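Structure data (mmCIF, C-alpha atoms) from coords-v7.cif:
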```
data_run
#
loop_
_atom_site.group_PDB
_atom_site.id
_atom_site.type_symbol
_atom_site.label_atom_id
_atom_site.label_comp_id
_atom_site.auth_asym_id
_atom_site.auth_seq_id
_atom_site.Cartn_x
_atom_site.Cartn_y
_atom_site.Cartn_z
ATOM 1 C CA MET A 1 -93.407 -144.304 -56.648
ATOM 2 C CA ILE A 2 -93.816 -148.063 -56.588
ATOM 3 C CA LYS A 3 -91.338 -150.433 -58.227
ATOM 4 C CA TYR A 4 -92.889 -153.692 -59.390
ATOM 5 C CA SER A 5 -91.080 -156.809 -60.504
ATOM 6 C CA LEU A 6 -92.963 -157.864 -63.615
ATOM 7 C CA VAL A 7 -93.001 -160.977 -65.772
ATOM 8 C CA CYS A 8 -94.546 -161.577 -69.195
ATOM 9 C CA ASP A 9 -96.222 -164.744 -70.475
ATOM 10 C CA ALA A 10 -92.862 -165.773 -72.010
ATOM 11 C CA LYS A 11 -91.316 -165.589 -68.506
ATOM 12 C CA HIS A 12 -89.130 -162.536 -69.230
ATOM 13 C CA GLY A 13 -88.540 -160.630 -65.981
ATOM 14 C CA PHE A 14 -88.297 -156.829 -65.827
ATOM 15 C CA GLU A 15 -89.065 -153.917 -63.528
ATOM 16 C CA GLY A 16 -91.571 -151.110 -63.824
ATOM 17 C CA TRP A 17 -92.038 -147.916 -61.813
ATOM 18 C CA PHE A 18 -95.534 -146.533 -61.255
ATOM 19 C CA ARG A 19 -96.947 -143.579 -59.350
ATOM 20 C CA ASN A 20 -99.257 -145.897 -57.419
ATOM 21 C CA SER A 21 -100.951 -149.286 -57.744
ATOM 22 C CA GLY A 22 -103.933 -147.695 -59.497
ATOM 23 C CA ASP A 23 -101.656 -146.383 -62.246
ATOM 24 C CA PHE A 24 -100.218 -149.859 -62.728
ATOM 25 C CA ASP A 25 -103.689 -151.411 -62.921
ATOM 26 C CA SER A 26 -104.903 -148.731 -65.356
ATOM 27 C CA GLN A 27 -101.876 -149.040 -67.648
ATOM 28 C CA LEU A 28 -102.053 -152.826 -67.550
ATOM 29 C CA ALA A 29 -105.750 -152.767 -68.494
ATOM 30 C CA ARG A 30 -104.983 -150.491 -71.464
ATOM 31 C CA GLN A 31 -102.096 -152.791 -72.487
ATOM 32 C CA LEU A 32 -99.544 -149.998 -72.024
ATOM 33 C CA VAL A 33 -97.265 -152.221 -69.941
ATOM 34 C CA THR A 34 -95.335 -154.437 -72.337
ATOM 35 C CA CYS A 35 -92.312 -156.693 -72.076
ATOM 36 C CA PRO A 36 -89.198 -154.936 -73.367
ATOM 37 C CA ALA A 37 -87.722 -158.261 -74.507
ATOM 38 C CA CYS A 38 -90.612 -159.607 -76.583
ATOM 39 C CA GLY A 39 -93.274 -156.877 -76.626
ATOM 40 C CA SER A 40 -95.966 -159.014 -75.003
ATOM 41 C CA ALA A 41 -98.735 -157.103 -73.222
ATOM 42 C CA LYS A 42 -99.603 -160.191 -71.158
ATOM 43 C CA VAL A 43 -97.788 -159.002 -68.053
ATOM 44 C CA GLU A 44 -98.290 -159.708 -64.381
ATOM 45 C CA LYS A 45 -96.579 -158.853 -61.130
ATOM 46 C CA GLY A 46 -93.741 -161.181 -60.205
ATOM 47 C CA LEU A 47 -92.487 -162.076 -56.748
ATOM 48 C CA MET A 48 -91.249 -159.044 -54.875
ATOM 49 C CA ALA A 49 -89.412 -158.601 -51.610
ATOM 50 C CA PRO A 50 -90.792 -155.675 -49.638
ATOM 51 C CA ALA A 51 -88.395 -152.904 -48.683
ATOM 52 C CA VAL A 52 -88.653 -152.863 -44.904
ATOM 53 C CA SER A 53 -87.055 -149.981 -43.097
ATOM 54 C CA THR A 54 -86.697 -149.954 -39.338
ATOM 55 C CA SER A 55 -85.819 -146.963 -37.188
ATOM 56 C CA ARG A 56 -82.613 -148.733 -36.136
ATOM 57 C CA SER A 57 -81.462 -149.191 -39.749
ATOM 58 C CA LYS A 58 -82.341 -145.550 -40.525
ATOM 59 C CA GLU A 59 -80.298 -144.339 -37.550
ATOM 60 C CA ALA A 60 -77.337 -146.444 -38.703
ATOM 61 C CA ARG A 61 -77.495 -144.749 -42.107
ATOM 62 C CA GLY A 62 -77.855 -141.273 -40.588
ATOM 63 C CA ILE A 63 -81.468 -140.754 -41.676
ATOM 64 C CA ALA A 64 -83.582 -138.639 -39.357
ATOM 65 C CA PRO A 65 -86.849 -140.195 -38.167
ATOM 66 C CA ALA A 66 -89.938 -139.149 -40.099
ATOM 67 C CA ALA A 67 -91.858 -136.161 -38.802
ATOM 68 C CA GLN A 68 -95.063 -136.827 -36.935
ATOM 69 C CA PRO A 69 -98.223 -136.074 -38.945
ATOM 70 C CA HIS A 70 -98.789 -132.773 -37.145
ATOM 71 C CA GLU A 71 -95.134 -131.745 -37.780
ATOM 72 C CA ARG A 72 -95.062 -132.416 -41.514
ATOM 73 C CA GLU A 73 -94.825 -129.498 -43.867
ATOM 74 C CA GLU A 74 -97.137 -129.484 -46.827
ATOM 75 C CA PRO A 75 -95.271 -129.617 -50.126
ATOM 76 C CA ALA A 76 -95.232 -126.361 -52.023
ATOM 77 C CA ALA A 77 -97.584 -126.286 -54.959
ATOM 78 C CA VAL A 78 -95.743 -126.320 -58.255
ATOM 79 C CA PRO A 79 -97.336 -123.964 -60.768
ATOM 80 C CA ARG A 80 -98.053 -125.636 -64.078
ATOM 81 C CA SER A 81 -97.543 -123.740 -67.262
ATOM 82 C CA LYS A 82 -100.492 -123.701 -69.612
ATOM 83 C CA SER A 83 -98.091 -124.655 -72.403
ATOM 84 C CA VAL A 84 -96.835 -127.896 -70.829
ATOM 85 C CA ASP A 85 -95.227 -130.177 -73.411
ATOM 86 C CA THR A 86 -97.686 -133.067 -73.585
ATOM 87 C CA ALA A 87 -96.182 -134.654 -76.681
ATOM 88 C CA LEU A 88 -95.139 -138.264 -76.403
ATOM 89 C CA HIS A 89 -91.413 -138.884 -76.270
ATOM 90 C CA PRO A 90 -89.601 -142.147 -77.031
ATOM 91 C CA SER A 91 -89.258 -144.228 -73.883
ATOM 92 C CA ALA A 92 -87.997 -147.649 -72.927
ATOM 93 C CA LEU A 93 -88.368 -149.961 -69.964
ATOM 94 C CA LEU A 94 -85.528 -152.438 -69.863
ATOM 95 C CA PRO A 95 -85.045 -155.540 -67.729
ATOM 96 C CA GLY A 96 -83.236 -154.733 -64.499
ATOM 97 C CA ASP A 97 -80.220 -156.814 -65.373
ATOM 98 C CA VAL A 98 -76.704 -156.513 -66.784
ATOM 99 C CA ARG A 99 -77.960 -155.503 -70.256
ATOM 100 C CA GLN A 100 -79.655 -152.432 -68.853
ATOM 101 C CA LYS A 101 -76.516 -151.407 -66.973
ATOM 102 C CA GLU A 102 -74.420 -151.906 -70.113
ATOM 103 C CA ILE A 103 -76.821 -149.814 -72.210
ATOM 104 C CA VAL A 104 -76.952 -146.995 -69.654
ATOM 105 C CA GLU A 105 -73.146 -147.007 -69.405
ATOM 106 C CA ALA A 106 -72.819 -146.837 -73.219
ATOM 107 C CA ILE A 107 -75.261 -143.883 -73.277
ATOM 108 C CA ARG A 108 -73.304 -142.226 -70.453
ATOM 109 C CA GLN A 109 -70.039 -142.580 -72.419
ATOM 110 C CA ALA A 110 -71.594 -141.324 -75.672
ATOM 111 C CA ARG A 111 -73.037 -138.302 -73.897
ATOM 112 C CA ALA A 112 -69.680 -137.583 -72.219
ATOM 113 C CA ARG A 113 -67.928 -137.657 -75.635
ATOM 114 C CA ILE A 114 -70.487 -135.220 -77.067
ATOM 115 C CA VAL A 115 -70.196 -132.838 -74.111
ATOM 116 C CA GLU A 116 -66.371 -132.994 -74.068
ATOM 117 C CA SER A 117 -66.089 -132.186 -77.778
ATOM 118 C CA SER A 118 -68.797 -129.505 -77.923
ATOM 119 C CA GLU A 119 -69.383 -126.005 -76.603
ATOM 120 C CA ASN A 120 -72.234 -125.421 -74.142
ATOM 121 C CA VAL A 121 -74.205 -122.426 -75.445
ATOM 122 C CA GLY A 122 -76.889 -122.723 -72.752
ATOM 123 C CA THR A 123 -80.360 -121.405 -73.494
ATOM 124 C CA GLY A 124 -79.150 -119.707 -76.667
ATOM 125 C CA PHE A 125 -78.922 -123.055 -78.462
ATOM 126 C CA ALA A 126 -81.539 -122.428 -81.165
ATOM 127 C CA ASP A 127 -80.125 -119.001 -82.083
ATOM 128 C CA GLU A 128 -76.539 -120.247 -82.158
ATOM 129 C CA ALA A 129 -77.502 -123.313 -84.241
ATOM 130 C CA ARG A 130 -79.120 -121.009 -86.803
ATOM 131 C CA LYS A 131 -76.074 -118.719 -86.907
ATOM 132 C CA ILE A 132 -73.793 -121.706 -87.535
ATOM 133 C CA HIS A 133 -76.139 -123.175 -90.157
ATOM 134 C CA TYR A 134 -76.420 -119.894 -92.081
ATOM 135 C CA GLY A 135 -72.671 -119.163 -91.886
ATOM 136 C CA GLU A 136 -72.994 -116.262 -89.442
ATOM 137 C CA ALA A 137 -70.865 -118.011 -86.793
ATOM 138 C CA GLU A 138 -67.913 -120.400 -86.764
ATOM 139 C CA GLU A 139 -68.882 -123.993 -87.538
ATOM 140 C CA ARG A 140 -68.455 -126.127 -84.428
ATOM 141 C CA SER A 141 -70.255 -128.698 -82.305
ATOM 142 C CA ILE A 142 -72.542 -127.145 -79.712
ATOM 143 C CA TYR A 143 -75.045 -128.259 -77.115
ATOM 144 C CA GLY A 144 -77.446 -126.408 -74.872
ATOM 145 C CA GLU A 145 -81.114 -126.022 -74.049
ATOM 146 C CA THR A 146 -84.097 -125.299 -76.253
ATOM 147 C CA THR A 147 -87.830 -125.810 -76.232
ATOM 148 C CA PRO A 148 -89.445 -128.722 -78.106
ATOM 149 C CA LYS A 149 -91.078 -126.165 -80.445
ATOM 150 C CA ASP A 150 -87.728 -124.529 -81.271
ATOM 151 C CA ALA A 151 -86.181 -127.960 -81.894
ATOM 152 C CA VAL A 152 -88.962 -128.793 -84.374
ATOM 153 C CA ASP A 153 -88.518 -125.382 -86.051
ATOM 154 C CA LEU A 154 -84.769 -126.047 -86.414
ATOM 155 C CA LEU A 155 -85.431 -129.430 -88.014
ATOM 156 C CA GLU A 156 -87.985 -127.902 -90.389
ATOM 157 C CA GLU A 157 -85.336 -125.364 -91.447
ATOM 158 C CA GLY A 158 -83.018 -128.263 -92.295
ATOM 159 C CA ILE A 159 -80.765 -127.751 -89.282
ATOM 160 C CA PRO A 160 -79.737 -131.185 -87.993
ATOM 161 C CA VAL A 161 -80.258 -131.239 -84.209
ATOM 162 C CA MET A 162 -80.966 -134.041 -81.760
ATOM 163 C CA PRO A 163 -81.555 -134.274 -78.035
ATOM 164 C CA LEU A 164 -78.723 -135.351 -75.777
ATOM 165 C CA PRO A 165 -79.465 -138.770 -74.321
ATOM 166 C CA GLU A 166 -81.033 -138.499 -70.870
ATOM 167 C CA LEU A 167 -79.558 -140.565 -68.071
ATOM 168 C CA PRO A 168 -81.411 -141.868 -65.017
ATOM 169 C CA GLU A 169 -79.499 -139.460 -62.759
ATOM 170 C CA ASP A 170 -80.672 -136.493 -64.875
ATOM 171 C CA LYS A 171 -84.185 -137.040 -63.573
ATOM 172 C CA ASN A 172 -83.273 -137.216 -59.885
#
```
The structure given in the file should be rewritten as structure tokens.
Amino acid sequence: MIKYSLVCDAKHGFEGWFRNSGDFDSQLARQLVTCPACGSAKVEKGLMAPAVSTSRSKEARGIAPAAQPHEREEPAAVPRSKSVDTALHPSALLPGDVRQKEIVEAIRQARARIVESSENVGTGFADEARKIHYGEAEERSIYGETTPKDAVDLLEEGIPVMPLPELPEDKN
């Protein structure tokens, strides 16, 4: 992944993460990279300081030196399901400043309140939500895991569900 410092034509600074420079160029050409502050698609790379890592600084942090090319293990292939969820999900790219940290902290606190006051029903979420909705189980707040299709089915049945907010650390 590559982290770019970006700036729009209104001089708003923000960061963007891309798989590689080609992805950035492709998304920029299709006007998919926009300023989170003003929505402008006239974006360019800002000044960036390279992250330089020396073997001495790695040793000081306890990081083992990288394996030589002939010693590297090939990553295991990850099988892809034929039913991969390709639907678009709401996303946001926020400036890397205090506002972003405040927003993430507010989301973290909201999520913690939901989790603390709810029962984790795991992968049985959709079934348990139906039981509660139809009066077959005690009414209470629950959270758990379900597929996007099951979530849509629940909503179509009039069962009010929503995803828990995802935090940056959930994806690491």
Any chance you could resolve the PyMOL selection byres ((chain A and resi 102-112) around 9) against this file and give the residues as a PyMOL selection string?
chain A and resi 97-101+113-117+164-168
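Put simply, CA of Ala151 (chain A) is 27.6 Å away from CA of Leu32 (chain A).
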Nearest to Pro148 (chain A) by atom-to-atom distance, counting all atoms listed in the file, from A:Pro160, A:Ala126, A:Gly135, A:Tyr4
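Of the candidates, the smallest distance to Pro148 (chain A) is held by A:Ala126.
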Atom pair CA of Glu169 (chain A) / CA of Lys3 (chain A): separation (Å)
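Result for CA of Glu169 (chain A) versus CA of Lys3 (chain A): 16.8 Å, one decimal.
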Which value, in Å to one decimal, gives the distance between CA of Ala137 (chain A) and CA of Asp153 (chain A)?
19.1 Å
Hey, what's within 8 Å of Asn20 (chain A) if we count all atoms listed in the file and toss same-chain stuff fewer than 3 positions away? As a PyMOL selection string, please?
chain A and resi 1-2+23-24
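The residues caught by the PyMOL selection byres ((chain A and resi 37) around 9) in this file are His12, Gly13, Phe14, Thr34, Cys35, Pro36, Cys38, Gly39, Ser40, Leu94 and Pro95 of chain A.
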From the options A:Lys45, A:Lys149, A:Lys11, A:His133, which residue's atoms come nearest to Leu28 (chain A), counting all atoms listed in the file?
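Among the listed residues, the smallest separation from Leu28 (chain A) belongs to A:Lys45.
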Can you tell me, as a short mmCIF file (atom, residue, chain, number, x, y, z; two decimals) with C-alpha atoms, in the frame of the given file, what residues are no more than 7 Å from Val43 (chain A) when counting only C-alpha atoms, ignoring any on the same chain fewer than 2 positions away?
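File produced: selection_1.cif:
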```cif
data_model
loop_
_atom_site.label_atom_id
_atom_site.label_comp_id
_atom_site.auth_asym_id
_atom_site.auth_seq_id
_atom_site.Cartn_x
_atom_site.Cartn_y
_atom_site.Cartn_z
CA LEU A 6 -92.96 -157.86 -63.62
CA VAL A 7 -93.00 -160.98 -65.77
CA CYS A 8 -94.55 -161.58 -69.19
CA ASP A 9 -96.22 -164.74 -70.47
CA THR A 34 -95.34 -154.44 -72.34
CA ALA A 41 -98.74 -157.10 -73.22
#
```
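Among the candidates A:Gln27, A:Asp150, A:Gly22, A:Tyr143, the one nearest to Pro163 (chain A) when counting only C-alpha atoms is A:Tyr143.
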Of the residues A:Gln31, A:Thr146, A:Ser141, A:Ser5, which is the one nearest to Thr123 (chain A), using all atoms listed in the file?
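Answer, going by the shortest atom-to-atom distance: A:Thr146.
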Fix up region 119-130 of chain A with all heavy atoms, then write it as a PDB file, keeping the file's coordinate frame.
```
ATOM      1  N   GLU A 119     -69.287-127.210 -77.423  1.00  0.00           N
ATOM      2  CA  GLU A 119     -69.383-126.005 -76.603  1.00  0.00           C
ATOM      3  C   GLU A 119     -70.801-125.872 -76.058  1.00  0.00           C
ATOM      4  O   GLU A 119     -71.778-125.972 -76.801  1.00  0.00           O
ATOM      5  CB  GLU A 119     -69.054-124.775 -77.457  1.00  0.00           C
ATOM      6  CG  GLU A 119     -69.177-123.468 -76.712  1.00  0.00           C
ATOM      7  CD  GLU A 119     -68.984-122.258 -77.620  1.00  0.00           C
ATOM      8  OE1 GLU A 119     -68.438-122.414 -78.738  1.00  0.00           O
ATOM      9  OE2 GLU A 119     -69.403-121.159 -77.216  1.00  0.00           O
ATOM     10  N   ASN A 120     -70.925-125.621 -74.760  1.00  0.00           N
ATOM     11  CA  ASN A 120     -72.234-125.421 -74.142  1.00  0.00           C
ATOM     12  C   ASN A 120     -72.656-123.973 -74.378  1.00  0.00           C
ATOM     13  O   ASN A 120     -72.035-123.046 -73.869  1.00  0.00           O
ATOM     14  CB  ASN A 120     -72.175-125.716 -72.643  1.00  0.00           C
ATOM     15  CG  ASN A 120     -73.533-125.612 -71.979  1.00  0.00           C
ATOM     16  OD1 ASN A 120     -74.508-125.174 -72.575  1.00  0.00           O
ATOM     17  ND2 ASN A 120     -73.604-126.021 -70.731  1.00  0.00           N
ATOM     18  N   VAL A 121     -73.710-123.778 -75.158  1.00  0.00           N
ATOM     19  CA  VAL A 121     -74.205-122.426 -75.445  1.00  0.00           C
ATOM     20  C   VAL A 121     -75.446-122.102 -74.619  1.00  0.00           C
ATOM     21  O   VAL A 121     -76.105-121.090 -74.850  1.00  0.00           O
ATOM     22  CB  VAL A 121     -74.471-122.234 -76.959  1.00  0.00           C
ATOM     23  CG1 VAL A 121     -73.162-122.327 -77.729  1.00  0.00           C
ATOM     24  CG2 VAL A 121     -75.485-123.240 -77.481  1.00  0.00           C
ATOM     25  N   GLY A 122     -75.782-122.974 -73.677  1.00  0.00           N
ATOM     26  CA  GLY A 122     -76.889-122.723 -72.752  1.00  0.00           C
ATOM     27  C   GLY A 122     -78.227-122.565 -73.447  1.00  0.00           C
ATOM     28  O   GLY A 122     -78.541-123.256 -74.410  1.00  0.00           O
ATOM     29  N   THR A 123     -79.007-121.596 -72.976  1.00  0.00           N
ATOM     30  CA  THR A 123     -80.360-121.405 -73.494  1.00  0.00           C
ATOM     31  C   THR A 123     -80.379-120.734 -74.864  1.00  0.00           C
ATOM     32  O   THR A 123     -81.432-120.630 -75.483  1.00  0.00           O
ATOM     33  CB  THR A 123     -81.212-120.576 -72.514  1.00  0.00           C
ATOM     34  OG1 THR A 123     -80.555-119.331 -72.291  1.00  0.00           O
ATOM     35  CG2 THR A 123     -81.392-121.305 -71.187  1.00  0.00           C
ATOM     36  N   GLY A 124     -79.226-120.321 -75.343  1.00  0.00           N
ATOM     37  CA  GLY A 124     -79.150-119.707 -76.667  1.00  0.00           C
ATOM     38  C   GLY A 124     -78.916-120.724 -77.768  1.00  0.00           C
ATOM     39  O   GLY A 124     -78.494-120.357 -78.875  1.00  0.00           O
ATOM     40  N   PHE A 125     -79.221-121.998 -77.503  1.00  0.00           N
ATOM     41  CA  PHE A 125     -78.922-123.055 -78.462  1.00  0.00           C
ATOM     42  C   PHE A 125     -79.556-122.834 -79.833  1.00  0.00           C
ATOM     43  O   PHE A 125     -78.877-122.913 -80.859  1.00  0.00           O
ATOM     44  CB  PHE A 125     -79.363-124.420 -77.908  1.00  0.00           C
ATOM     45  CG  PHE A 125     -79.120-125.546 -78.867  1.00  0.00           C
ATOM     46  CD1 PHE A 125     -77.874-126.119 -78.984  1.00  0.00           C
ATOM     47  CD2 PHE A 125     -80.144-126.015 -79.686  1.00  0.00           C
ATOM     48  CE1 PHE A 125     -77.639-127.144 -79.878  1.00  0.00           C
ATOM     49  CE2 PHE A 125     -79.921-127.035 -80.586  1.00  0.00           C
ATOM     50  CZ  PHE A 125     -78.659-127.603 -80.682  1.00  0.00           C
ATOM     51  N   ALA A 126     -80.840-122.564 -79.875  1.00  0.00           N
ATOM     52  CA  ALA A 126     -81.539-122.428 -81.165  1.00  0.00           C
ATOM     53  C   ALA A 126     -80.942-121.289 -81.991  1.00  0.00           C
ATOM     54  O   ALA A 126     -80.691-121.445 -83.192  1.00  0.00           O
ATOM     55  CB  ALA A 126     -83.034-122.212 -80.953  1.00  0.00           C
ATOM     56  N   ASP A 127     -80.697-120.142 -81.356  1.00  0.00           N
ATOM     57  CA  ASP A 127     -80.125-119.001 -82.083  1.00  0.00           C
ATOM     58  C   ASP A 127     -78.730-119.314 -82.600  1.00  0.00           C
ATOM     59  O   ASP A 127     -78.392-119.009 -83.748  1.00  0.00           O
ATOM     60  CB  ASP A 127     -80.075-117.763 -81.175  1.00  0.00           C
ATOM     61  CG  ASP A 127     -81.460-117.214 -80.860  1.00  0.00           C
ATOM     62  OD1 ASP A 127     -82.394-117.443 -81.670  1.00  0.00           O
ATOM     63  OD2 ASP A 127     -81.615-116.566 -79.811  1.00  0.00           O
ATOM     64  N   GLU A 128     -77.911-119.938 -81.751  1.00  0.00           N
ATOM     65  CA  GLU A 128     -76.539-120.247 -82.158  1.00  0.00           C
ATOM     66  C   GLU A 128     -76.523-121.307 -83.258  1.00  0.00           C
ATOM     67  O   GLU A 128     -75.726-121.225 -84.196  1.00  0.00           O
ATOM     68  CB  GLU A 128     -75.715-120.705 -80.954  1.00  0.00           C
ATOM     69  CG  GLU A 128     -74.232-120.754 -81.200  1.00  0.00           C
ATOM     70  CD  GLU A 128     -73.603-119.382 -81.490  1.00  0.00           C
ATOM     71  OE1 GLU A 128     -74.170-118.340 -81.107  1.00  0.00           O
ATOM     72  OE2 GLU A 128     -72.529-119.371 -82.118  1.00  0.00           O
ATOM     73  N   ALA A 129     -77.423-122.291 -83.195  1.00  0.00           N
ATOM     74  CA  ALA A 129     -77.502-123.313 -84.241  1.00  0.00           C
ATOM     75  C   ALA A 129     -77.854-122.681 -85.589  1.00  0.00           C
ATOM     76  O   ALA A 129     -77.293-123.052 -86.629  1.00  0.00           O
ATOM     77  CB  ALA A 129     -78.533-124.381 -83.860  1.00  0.00           C
ATOM     78  N   ARG A 130     -78.763-121.716 -85.563  1.00  0.00           N
ATOM     79  CA  ARG A 130     -79.120-121.009 -86.803  1.00  0.00           C
ATOM     80  C   ARG A 130     -77.931-120.218 -87.351  1.00  0.00           C
ATOM     81  O   ARG A 130     -77.661-120.230 -88.549  1.00  0.00           O
ATOM     82  CB  ARG A 130     -80.307-120.078 -86.562  1.00  0.00           C
ATOM     83  CG  ARG A 130     -81.632-120.774 -86.500  1.00  0.00           C
ATOM     84  CD  ARG A 130     -82.796-119.783 -86.411  1.00  0.00           C
ATOM     85  NE  ARG A 130     -84.052-120.502 -86.371  1.00  0.00           N
ATOM     86  CZ  ARG A 130     -84.676-120.856 -85.243  1.00  0.00           C
ATOM     87  NH1 ARG A 130     -84.163-120.520 -84.071  1.00  0.00           N
ATOM     88  NH2 ARG A 130     -85.809-121.525 -85.300  1.00  0.00           N
TER      89      ARG A 130
END
```
